[in-house]
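Asker: File follows, final_0.pdb with PDB, C-alpha atoms:
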```
MODEL        1
ATOM      1  CA  MET A  24     149.762 125.585  85.356  1.00  0.00           C
ATOM      2  CA  MET A  25     146.949 123.195  86.234  1.00  0.00           C
ATOM      3  CA  SER A  26     143.658 124.652  87.512  1.00  0.00           C
ATOM      4  CA  SER A  27     142.580 123.279  90.890  1.00  0.00           C
ATOM      5  CA  VAL A  28     140.348 123.846  93.884  1.00  0.00           C
ATOM      6  CA  ASN A  29     141.600 122.855  97.324  1.00  0.00           C
ATOM      7  CA  GLY A  30     144.632 121.282  95.673  1.00  0.00           C
ATOM      8  CA  ILE A  31     142.544 118.819  93.605  1.00  0.00           C
ATOM      9  CA  PRO A  32     142.954 119.220  89.822  1.00  0.00           C
ATOM     10  CA  ASN A  33     139.717 120.047  88.007  1.00  0.00           C
ATOM     11  CA  GLU A  34     140.392 117.237  85.521  1.00  0.00           C
ATOM     12  CA  TYR A  35     140.332 114.729  88.389  1.00  0.00           C
ATOM     13  CA  LYS A  36     136.996 116.094  89.645  1.00  0.00           C
ATOM     14  CA  GLN A  37     135.510 115.952  86.135  1.00  0.00           C
ATOM     15  CA  THR A  38     136.645 112.322  85.679  1.00  0.00           C
ATOM     16  CA  ASN A  39     135.132 111.291  89.011  1.00  0.00           C
ATOM     17  CA  LEU A  40     131.939 113.227  88.228  1.00  0.00           C
ATOM     18  CA  SER A  41     131.690 111.403  84.883  1.00  0.00           C
ATOM     19  CA  ARG A  42     132.163 108.034  86.612  1.00  0.00           C
ATOM     20  CA  LEU A  43     129.562 108.912  89.229  1.00  0.00           C
ATOM     21  CA  SER A  44     127.131 109.972  86.495  1.00  0.00           C
ATOM     22  CA  LEU A  45     127.604 106.628  84.705  1.00  0.00           C
ATOM     23  CA  ILE A  46     127.100 104.682  87.928  1.00  0.00           C
ATOM     24  CA  LEU A  47     123.929 106.615  88.764  1.00  0.00           C
ATOM     25  CA  LEU A  48     122.621 106.208  85.204  1.00  0.00           C
ATOM     26  CA  GLY A  49     123.258 102.455  85.389  1.00  0.00           C
ATOM     27  CA  ALA A  50     121.512 102.183  88.758  1.00  0.00           C
ATOM     28  CA  LEU A  51     118.516 104.171  87.517  1.00  0.00           C
ATOM     29  CA  THR A  52     118.295 102.011  84.373  1.00  0.00           C
ATOM     30  CA  TRP A  53     118.372  98.853  86.491  1.00  0.00           C
ATOM     31  CA  ILE A  54     115.588 100.191  88.722  1.00  0.00           C
ATOM     32  CA  ILE A  55     113.402 101.067  85.730  1.00  0.00           C
ATOM     33  CA  ILE A  56     114.017  97.754  83.957  1.00  0.00           C
ATOM     34  CA  SER A  57     113.518  95.633  87.061  1.00  0.00           C
ATOM     35  CA  GLY A  58     110.400  97.492  88.132  1.00  0.00           C
ATOM     36  CA  CYS A  59     112.030  98.340  91.443  1.00  0.00           C
ATOM     37  CA  VAL A  60     112.025  95.982  94.378  1.00  0.00           C
ATOM     38  CA  PRO A  61     108.939  93.809  94.720  1.00  0.00           C
ATOM     39  CA  ARG A  62     106.697  94.778  97.595  1.00  0.00           C
ATOM     40  CA  LEU A  63     105.756  92.276 100.255  1.00  0.00           C
ATOM     41  CA  SER A  64     102.080  91.573 100.727  1.00  0.00           C
ATOM     42  CA  THR A  65     100.646  93.082 103.890  1.00  0.00           C
ATOM     43  CA  GLU A  66      99.096  89.671 104.608  1.00  0.00           C
ATOM     44  CA  THR A  67     102.598  88.190 105.051  1.00  0.00           C
ATOM     45  CA  LEU A  68     103.655  90.657 107.755  1.00  0.00           C
ATOM     46  CA  VAL A  69     103.849  88.866 111.085  1.00  0.00           C
ATOM     47  CA  PRO A  70     105.664  90.785 113.828  1.00  0.00           C
ATOM     48  CA  VAL A  71     108.595  89.040 115.492  1.00  0.00           C
ATOM     49  CA  GLU A  72     108.546  88.961 119.284  1.00  0.00           C
ATOM     50  CA  THR A  73     111.635  90.517 120.912  1.00  0.00           C
ATOM     51  CA  PRO A  74     111.378  90.960 124.685  1.00  0.00           C
ATOM     52  CA  GLY A  75     113.085  93.995 126.221  1.00  0.00           C
ATOM     53  CA  LYS A  76     115.370  96.427 124.444  1.00  0.00           C
ATOM     54  CA  VAL A  77     117.777  95.179 121.766  1.00  0.00           C
ATOM     55  CA  GLU A  78     119.843  96.678 118.925  1.00  0.00           C
ATOM     56  CA  ILE A  79     120.348  94.707 115.716  1.00  0.00           C
ATOM     57  CA  MET A  80     121.941  95.394 112.336  1.00  0.00           C
ATOM     58  CA  GLY A  81     120.643  94.433 108.930  1.00  0.00           C
ATOM     59  CA  PHE A  82     118.884  95.625 105.807  1.00  0.00           C
ATOM     60  CA  ILE A  83     115.483  97.248 105.488  1.00  0.00           C
ATOM     61  CA  LYS A  84     113.902  95.566 102.476  1.00  0.00           C
ATOM     62  CA  ASP A  85     110.490  97.199 102.565  1.00  0.00           C
ATOM     63  CA  LEU A  86     108.209  99.557 104.425  1.00  0.00           C
ATOM     64  CA  ASP A  87     104.536  98.717 104.506  1.00  0.00           C
ATOM     65  CA  GLU A  88     101.347  99.679 106.274  1.00  0.00           C
ATOM     66  CA  LYS A  89      98.953  97.291 107.958  1.00  0.00           C
ATOM     67  CA  ALA A  90      95.965  98.300 110.074  1.00  0.00           C
ATOM     68  CA  GLY A  91      97.246 101.892 110.282  1.00  0.00           C
ATOM     69  CA  SER A  92     100.729 100.937 111.506  1.00  0.00           C
ATOM     70  CA  VAL A  93     104.002 101.109 109.593  1.00  0.00           C
ATOM     71  CA  TYR A  94     106.089  97.928 109.463  1.00  0.00           C
ATOM     72  CA  ILE A  95     109.586  97.298 108.192  1.00  0.00           C
ATOM     73  CA  SER A  96     110.689  94.059 106.569  1.00  0.00           C
ATOM     74  CA  PHE A  97     114.139  93.521 108.027  1.00  0.00           C
ATOM     75  CA  ASP A  98     116.880  91.124 106.915  1.00  0.00           C
ATOM     76  CA  GLN A  99     119.123  90.738 109.957  1.00  0.00           C
ATOM     77  CA  ALA A 100     122.896  90.552 109.379  1.00  0.00           C
ATOM     78  CA  GLU A 101     126.110  90.834 111.402  1.00  0.00           C
ATOM     79  CA  TRP A 102     128.728  93.623 111.284  1.00  0.00           C
ATOM     80  CA  PHE A 103     132.384  92.846 111.981  1.00  0.00           C
ATOM     81  CA  ASP A 104     135.416  95.131 112.016  1.00  0.00           C
ATOM     82  CA  GLY A 105     139.050  94.826 113.039  1.00  0.00           C
ATOM     83  CA  PRO A 106     140.329  91.356 114.007  1.00  0.00           C
ATOM     84  CA  GLN A 107     136.735  90.050 114.312  1.00  0.00           C
ATOM     85  CA  ALA A 108     136.176  90.849 110.610  1.00  0.00           C
ATOM     86  CA  GLU A 109     139.222  88.818 109.583  1.00  0.00           C
ATOM     87  CA  LYS A 110     138.108  85.929 111.812  1.00  0.00           C
ATOM     88  CA  ALA A 111     134.556  85.982 110.336  1.00  0.00           C
ATOM     89  CA  ILE A 112     135.936  86.016 106.767  1.00  0.00           C
ATOM     90  CA  ARG A 113     138.060  82.955 107.586  1.00  0.00           C
ATOM     91  CA  GLU A 114     135.092  81.184 109.206  1.00  0.00           C
ATOM     92  CA  ASP A 115     132.969  81.847 106.106  1.00  0.00           C
ATOM     93  CA  GLY A 116     135.682  80.465 103.807  1.00  0.00           C
ATOM     94  CA  LEU A 117     136.067  83.755 101.936  1.00  0.00           C
ATOM     95  CA  CYS A 118     139.741  84.383 102.609  1.00  0.00           C
ATOM     96  CA  ALA A 119     141.498  84.981  99.267  1.00  0.00           C
ATOM     97  CA  ASP A 120     144.991  84.288 100.636  1.00  0.00           C
ATOM     98  CA  PRO A 121     144.809  82.460 104.004  1.00  0.00           C
ATOM     99  CA  GLU A 122     148.576  82.354 104.396  1.00  0.00           C
ATOM    100  CA  HIS A 123     149.012  86.144 104.199  1.00  0.00           C
ATOM    101  CA  GLY A 124     145.953  87.404 106.029  1.00  0.00           C
ATOM    102  CA  CYS A 125     142.318  88.008 105.309  1.00  0.00           C
ATOM    103  CA  GLU A 126     141.966  91.738 105.689  1.00  0.00           C
ATOM    104  CA  PRO A 127     138.460  92.876 104.858  1.00  0.00           C
ATOM    105  CA  PRO A 128     137.989  95.543 102.203  1.00  0.00           C
ATOM    106  CA  ASN A 129     137.371  98.942 103.826  1.00  0.00           C
ATOM    107  CA  GLY A 130     138.081  97.441 107.269  1.00  0.00           C
ATOM    108  CA  PHE A 131     134.689  95.767 107.826  1.00  0.00           C
ATOM    109  CA  TYR A 132     132.777  92.632 106.887  1.00  0.00           C
ATOM    110  CA  ILE A 133     129.016  92.057 106.782  1.00  0.00           C
ATOM    111  CA  ARG A 134     127.802  88.495 107.276  1.00  0.00           C
ATOM    112  CA  ASN A 135     124.316  87.819 105.957  1.00  0.00           C
ATOM    113  CA  GLN A 136     123.837  84.063 105.872  1.00  0.00           C
ATOM    114  CA  ASP A 137     120.174  84.018 104.908  1.00  0.00           C
ATOM    115  CA  ASP A 138     117.520  86.196 103.332  1.00  0.00           C
ATOM    116  CA  GLU A 139     114.937  85.540 106.020  1.00  0.00           C
ATOM    117  CA  MET A 140     112.769  88.577 106.705  1.00  0.00           C
ATOM    118  CA  ASP A 141     111.418  89.713 110.047  1.00  0.00           C
ATOM    119  CA  ALA A 142     108.561  92.195 110.314  1.00  0.00           C
ATOM    120  CA  PHE A 143     108.704  94.863 112.994  1.00  0.00           C
ATOM    121  CA  PRO A 144     106.159  97.596 113.723  1.00  0.00           C
ATOM    122  CA  VAL A 145     107.630 101.116 113.738  1.00  0.00           C
ATOM    123  CA  SER A 146     106.832 103.510 116.589  1.00  0.00           C
ATOM    124  CA  GLU A 147     105.153 106.767 115.595  1.00  0.00           C
ATOM    125  CA  GLN A 148     107.885 108.469 117.666  1.00  0.00           C
ATOM    126  CA  VAL A 149     110.739 106.614 115.906  1.00  0.00           C
ATOM    127  CA  VAL A 150     114.065 108.478 115.771  1.00  0.00           C
ATOM    128  CA  ILE A 151     115.673 108.141 112.324  1.00  0.00           C
ATOM    129  CA  VAL A 152     119.287 109.179 111.693  1.00  0.00           C
ATOM    130  CA  MET A 153     120.656 109.118 108.144  1.00  0.00           C
ATOM    131  CA  GLN A 154     124.237 109.322 106.863  1.00  0.00           C
ATOM    132  CA  THR A 155     123.830 109.531 103.066  1.00  0.00           C
ATOM    133  CA  LEU A 156     120.405 111.008 102.371  1.00  0.00           C
ATOM    134  CA  SER A 157     121.425 114.558 101.509  1.00  0.00           C
ATOM    135  CA  HIS A 158     124.476 116.763 101.032  1.00  0.00           C
ATOM    136  CA  ILE A 159     125.764 119.939 102.642  1.00  0.00           C
ATOM    137  CA  PRO A 160     126.969 122.874 100.471  1.00  0.00           C
ATOM    138  CA  ASP A 161     130.548 121.563 100.151  1.00  0.00           C
ATOM    139  CA  GLY A 162     129.230 118.318  98.592  1.00  0.00           C
ATOM    140  CA  SER A 163     129.845 116.111 101.627  1.00  0.00           C
ATOM    141  CA  TYR A 164     127.088 113.939 103.030  1.00  0.00           C
ATOM    142  CA  ASN A 165     124.935 115.528 105.696  1.00  0.00           C
ATOM    143  CA  SER A 166     125.856 112.903 108.306  1.00  0.00           C
ATOM    144  CA  ASP A 167     123.734 112.302 111.395  1.00  0.00           C
ATOM    145  CA  GLU A 168     120.749 113.938 109.670  1.00  0.00           C
ATOM    146  CA  ARG A 169     117.555 113.426 111.674  1.00  0.00           C
ATOM    147  CA  ILE A 170     114.390 112.916 109.643  1.00  0.00           C
ATOM    148  CA  ASP A 171     110.820 111.892 110.400  1.00  0.00           C
ATOM    149  CA  LEU A 172     109.116 108.679 109.344  1.00  0.00           C
ATOM    150  CA  ASP A 173     107.215 110.302 106.449  1.00  0.00           C
ATOM    151  CA  ARG A 174     110.429 111.642 104.905  1.00  0.00           C
ATOM    152  CA  PHE A 175     112.123 108.265 105.361  1.00  0.00           C
ATOM    153  CA  ARG A 176     109.219 106.511 103.624  1.00  0.00           C
ATOM    154  CA  GLN A 177     109.376 108.990 100.713  1.00  0.00           C
ATOM    155  CA  ALA A 178     113.146 108.654 100.374  1.00  0.00           C
ATOM    156  CA  PHE A 179     112.994 104.863 100.635  1.00  0.00           C
ATOM    157  CA  ARG A 180     110.479 104.672  97.771  1.00  0.00           C
ATOM    158  CA  CYS A 181     112.182 107.228  95.499  1.00  0.00           C
ATOM    159  CA  ALA A 182     114.378 105.970  92.642  1.00  0.00           C
ATOM    160  CA  CYS A 183     116.672 108.958  93.274  1.00  0.00           C
ATOM    161  CA  THR A 184     117.690 107.467  96.641  1.00  0.00           C
ATOM    162  CA  SER A 185     117.528 103.772  95.738  1.00  0.00           C
ATOM    163  CA  HIS A 186     120.825 103.196  97.555  1.00  0.00           C
ATOM    164  CA  LEU A 187     118.848 103.332 100.819  1.00  0.00           C
ATOM    165  CA  ARG A 188     117.600  99.809 100.035  1.00  0.00           C
ATOM    166  CA  LEU A 189     121.191  98.540  99.865  1.00  0.00           C
ATOM    167  CA  VAL A 190     122.852 100.038 102.946  1.00  0.00           C
ATOM    168  CA  PRO A 191     122.734  98.458 106.406  1.00  0.00           C
ATOM    169  CA  TYR A 192     120.837  99.959 109.312  1.00  0.00           C
ATOM    170  CA  TRP A 193     121.027  99.577 113.066  1.00  0.00           C
ATOM    171  CA  ILE A 194     117.578  99.394 114.618  1.00  0.00           C
ATOM    172  CA  THR A 195     116.680  99.532 118.289  1.00  0.00           C
ATOM    173  CA  LEU A 196     113.693  97.468 119.313  1.00  0.00           C
ATOM    174  CA  ASP A 197     111.806  97.945 122.538  1.00  0.00           C
ATOM    175  CA  ASN A 198     109.545  94.935 123.123  1.00  0.00           C
ATOM    176  CA  GLY A 199     109.495  94.279 119.377  1.00  0.00           C
ATOM    177  CA  VAL A 200     108.734  97.862 118.283  1.00  0.00           C
ATOM    178  CA  VAL A 201     111.274  99.862 116.250  1.00  0.00           C
ATOM    179  CA  MET A 202     112.248 102.922 118.311  1.00  0.00           C
ATOM    180  CA  THR A 203     115.349 104.033 116.338  1.00  0.00           C
ATOM    181  CA  ILE A 204     116.650 103.515 112.804  1.00  0.00           C
ATOM    182  CA  ARG A 205     120.266 104.537 112.147  1.00  0.00           C
ATOM    183  CA  GLU A 206     121.871 104.189 108.737  1.00  0.00           C
ATOM    184  CA  GLN A 207     125.337 102.622 108.878  1.00  0.00           C
ATOM    185  CA  TYR A 208     127.755 104.561 106.662  1.00  0.00           C
ATOM    186  CA  VAL A 209     129.575 102.232 104.308  1.00  0.00           C
ATOM    187  CA  PRO A 210     132.539 103.746 102.442  1.00  0.00           C
TER
ENDMDL
END
```
Could you write out this structure as structure tokens?
Answerer:
Amino acid sequence: MMSSVNGIPNEYKQTNLSRLSLILLGALTWIIISGCVPRLSTETLVPVETPGKVEIMGFIKDLDEKAGSVYISFDQAEWFDGPQAEKAIREDGLCADPEHGCEPPNGFYIRNQDDEMDAFPVSEQVVIVMQTLSHIPDGSYNSDERIDLDRFRQAFRCACTSHLRLVPYWITLDNGVVMTIREQYVP
């Protein structure tokens, strides 16, 4: 009789744990070899004007400090799901089999047509909600975890959470100032 927990064979868990260990080791090696992500010079940070309140999605590429304020370097992108994802994939010419549909992997598609960075100042009262920063006792992610700006800055800089530089975020701007940062879970 096979040993299992919650109906999942232990051998399956060990195989997935081994794969995860190899992936994490590879990512850590890449970070060490590449010297992490290059930092932007504080002289290049020029805030982008955004009147009113707006929510945008994209990638946080860096956090920096200038004149006592924290800024994010943000690479804006677009998130599509459902029929809009299939339409966007077709428009971008990325449909593998146009005659039989262009279903996006995992049900979503992220369009990022350029690497242009925008700089936004971050409010001292920013609300930050993470999906994959830490785990609860059963091993699942601690979704909708609220953290403060100092913890976010530490996690963003740490090699142990380097994935935070790769996942998309939704940010809410109020007159050009970041009021909320919400990590988008990507399966």
Asker: Take the PyMOL selection byres ((chain A and resi 86-100) around 10), run it mentally on this structure, and tell me the resulting residues as a ChimeraX atom specification.
Answerer: /A:62-66,68-70,79-85,101-102,133-147,172,175-176,179-180,191-194,200-201
Asker: Counting all atoms listed in the file, which of A:Leu187, A:Ala111, A:Ile170, A:Leu196 gets nearest to Val209 in chain A?
Answerer: A:Leu187
Asker: Which is closest to Tyr164 in chain A among A:Pro121, A:Pro210, A:Pro127, A:Gly199, if we use all atoms listed in the file?
Answerer: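 Answer, going by the shortest atom-to-atom distance: A:Pro210.
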Asker: At what distance in Å, to one decimal, does CA of Gln154 in chain A lie from CA of Tyr208 in chain A?
Answerer: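 So the two atoms, CA of Tyr208 in chain A and CA of Gln154 in chain A, lie 5.9 Å apart.
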Asker: Between CA of Asp115 in chain A and CA of Glu206 in chain A, what is the distance in Å, rounded to a tenth?
Answerer: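 Spanning CA of Asp115 in chain A to CA of Glu206 in chain A is a straight-line distance of 25.1 Å.
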Asker: Which value, in Å to one decimal, gives the distance between CA of Asp104 in chain A and CA of Asp167 in chain A?
Answerer: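 Value for the CA of Asp104 in chain A-CA of Asp167 in chain A distance: 20.8 Å.
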Asker: Taking the file as shown, what set of residues would the PyMOL selection byres ((chain A and resi 131) around 7) give back, as an mmCIF file with C-alpha atoms, keeping the file's coordinate frame?
Answerer:
```cif
data_model
loop_
_atom_site.group_PDB
_atom_site.id
_atom_site.type_symbol
_atom_site.label_atom_id
_atom_site.label_comp_id
_atom_site.auth_asym_id
_atom_site.auth_seq_id
_atom_site.Cartn_x
_atom_site.Cartn_y
_atom_site.Cartn_z
ATOM 1 C CA PHE A 103 132.384 92.846 111.981
ATOM 2 C CA ASP A 104 135.416 95.131 112.016
ATOM 3 C CA GLY A 105 139.050 94.826 113.039
ATOM 4 C CA ALA A 108 136.176 90.849 110.610
ATOM 5 C CA PRO A 127 138.460 92.876 104.858
ATOM 6 C CA PRO A 128 137.989 95.543 102.203
ATOM 7 C CA ASN A 129 137.371 98.942 103.826
ATOM 8 C CA GLY A 130 138.081 97.441 107.269
ATOM 9 C CA TYR A 132 132.777 92.632 106.887
ATOM 10 C CA ILE A 133 129.016 92.057 106.782
#
```
Asker: Could you tell me which residues the PyMOL selection byres ((chain A and resi 155) around 7) returns for this structure, as number ranges by chain?
Answerer: A: 153-154, 156-157, 164-166
Asker: Please identify all polymer residues lying at most 7 Å from the point (116.1, 102.5, 114.3) (file coordinates), using only C-alpha atoms, and present the result as a list in words.
Answerer: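 Every residue inside that radius is included here: Val149, Val150, Ile151, Trp193, Ile194, Thr195, Val201, Met202, Thr203, Ile204 and Arg205 of chain A.
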Asker: Please produce range 184-209 of chain A, completed to N, CA, C and O atoms, as a short mmCIF file (atom, residue, chain, number, x, y, z; two decimals), keeping the file's coordinate frame.
Answerer:
```cif
data_model
loop_
_atom_site.label_atom_id
_atom_site.label_comp_id
_atom_site.auth_asym_id
_atom_site.auth_seq_id
_atom_site.Cartn_x
_atom_site.Cartn_y
_atom_site.Cartn_z
N THR A 184 116.95 107.88 95.44
CA THR A 184 117.69 107.47 96.64
C THR A 184 117.60 105.95 96.81
O THR A 184 117.51 105.44 97.93
N SER A 185 117.67 105.23 95.71
CA SER A 185 117.53 103.77 95.74
C SER A 185 118.63 103.09 96.55
O SER A 185 118.46 101.97 97.01
N HIS A 186 119.74 103.79 96.76
CA HIS A 186 120.82 103.20 97.56
C HIS A 186 120.38 102.90 98.99
O HIS A 186 120.97 102.06 99.66
N LEU A 187 119.32 103.55 99.45
CA LEU A 187 118.85 103.33 100.82
C LEU A 187 118.34 101.91 101.03
O LEU A 187 118.26 101.43 102.15
N ARG A 188 118.03 101.20 99.94
CA ARG A 188 117.60 99.81 100.04
C ARG A 188 118.80 98.86 100.13
O ARG A 188 118.63 97.68 100.37
N LEU A 189 119.99 99.39 99.92
CA LEU A 189 121.19 98.54 99.86
C LEU A 189 122.11 98.71 101.07
O LEU A 189 122.99 97.89 101.29
N VAL A 190 121.95 99.79 101.82
CA VAL A 190 122.85 100.04 102.95
C VAL A 190 122.31 99.39 104.22
O VAL A 190 121.10 99.21 104.37
N PRO A 191 123.20 99.04 105.14
CA PRO A 191 122.73 98.46 106.41
C PRO A 191 122.24 99.54 107.37
O PRO A 191 122.62 100.70 107.27
N TYR A 192 121.39 99.09 108.27
CA TYR A 192 120.84 99.96 109.31
C TYR A 192 120.96 99.26 110.66
O TYR A 192 120.91 98.03 110.74
N TRP A 193 121.12 100.05 111.69
CA TRP A 193 121.03 99.58 113.07
C TRP A 193 119.64 99.99 113.55
O TRP A 193 119.27 101.17 113.42
N ILE A 194 118.88 99.04 114.06
CA ILE A 194 117.58 99.39 114.62
C ILE A 194 117.56 99.01 116.09
O ILE A 194 118.17 98.03 116.50
N THR A 195 116.88 99.83 116.88
CA THR A 195 116.68 99.53 118.29
C THR A 195 115.23 99.15 118.46
O THR A 195 114.33 99.89 118.05
N LEU A 196 115.03 97.97 119.04
CA LEU A 196 113.69 97.47 119.31
C LEU A 196 113.43 97.55 120.81
O LEU A 196 114.31 97.23 121.61
N ASP A 197 112.23 97.97 121.15
CA ASP A 197 111.81 97.94 122.54
C ASP A 197 110.54 97.11 122.57
O ASP A 197 109.49 97.54 122.05
N ASN A 198 110.65 95.90 123.13
CA ASN A 198 109.54 94.94 123.12
C ASN A 198 108.98 94.72 121.73
O ASN A 198 107.77 94.68 121.52
N GLY A 199 109.89 94.61 120.74
CA GLY A 199 109.50 94.28 119.38
C GLY A 199 109.10 95.45 118.51
O GLY A 199 108.79 95.27 117.33
N VAL A 200 109.12 96.67 119.05
CA VAL A 200 108.73 97.86 118.28
C VAL A 200 109.99 98.66 117.95
O VAL A 200 110.83 98.90 118.81
N VAL A 201 110.11 99.09 116.69
CA VAL A 201 111.27 99.86 116.25
C VAL A 201 111.19 101.27 116.84
O VAL A 201 110.27 102.02 116.54
N MET A 202 112.20 101.61 117.67
CA MET A 202 112.25 102.92 118.31
C MET A 202 113.27 103.83 117.63
O MET A 202 113.11 105.05 117.63
N THR A 203 114.36 103.24 117.07
CA THR A 203 115.35 104.03 116.34
C THR A 203 115.78 103.26 115.09
O THR A 203 115.81 102.03 115.08
N ILE A 204 116.08 104.04 114.06
CA ILE A 204 116.65 103.52 112.80
C ILE A 204 117.86 104.39 112.52
O ILE A 204 117.73 105.62 112.43
N ARG A 205 119.04 103.77 112.41
CA ARG A 205 120.27 104.54 112.15
C ARG A 205 121.00 103.90 110.99
O ARG A 205 121.41 102.75 111.04
N GLU A 206 121.15 104.67 109.90
CA GLU A 206 121.87 104.19 108.74
C GLU A 206 123.34 104.01 109.09
O GLU A 206 123.96 104.89 109.69
N GLN A 207 123.91 102.88 108.70
CA GLN A 207 125.34 102.62 108.88
C GLN A 207 126.07 103.14 107.65
O GLN A 207 125.81 102.66 106.55
N TYR A 208 126.96 104.08 107.81
CA TYR A 208 127.76 104.56 106.66
C TYR A 208 128.68 103.45 106.20
O TYR A 208 129.35 102.81 107.01
N VAL A 209 128.69 103.22 104.91
CA VAL A 209 129.57 102.23 104.31
C VAL A 209 130.39 102.94 103.24
O VAL A 209 129.83 103.45 102.27
#
```
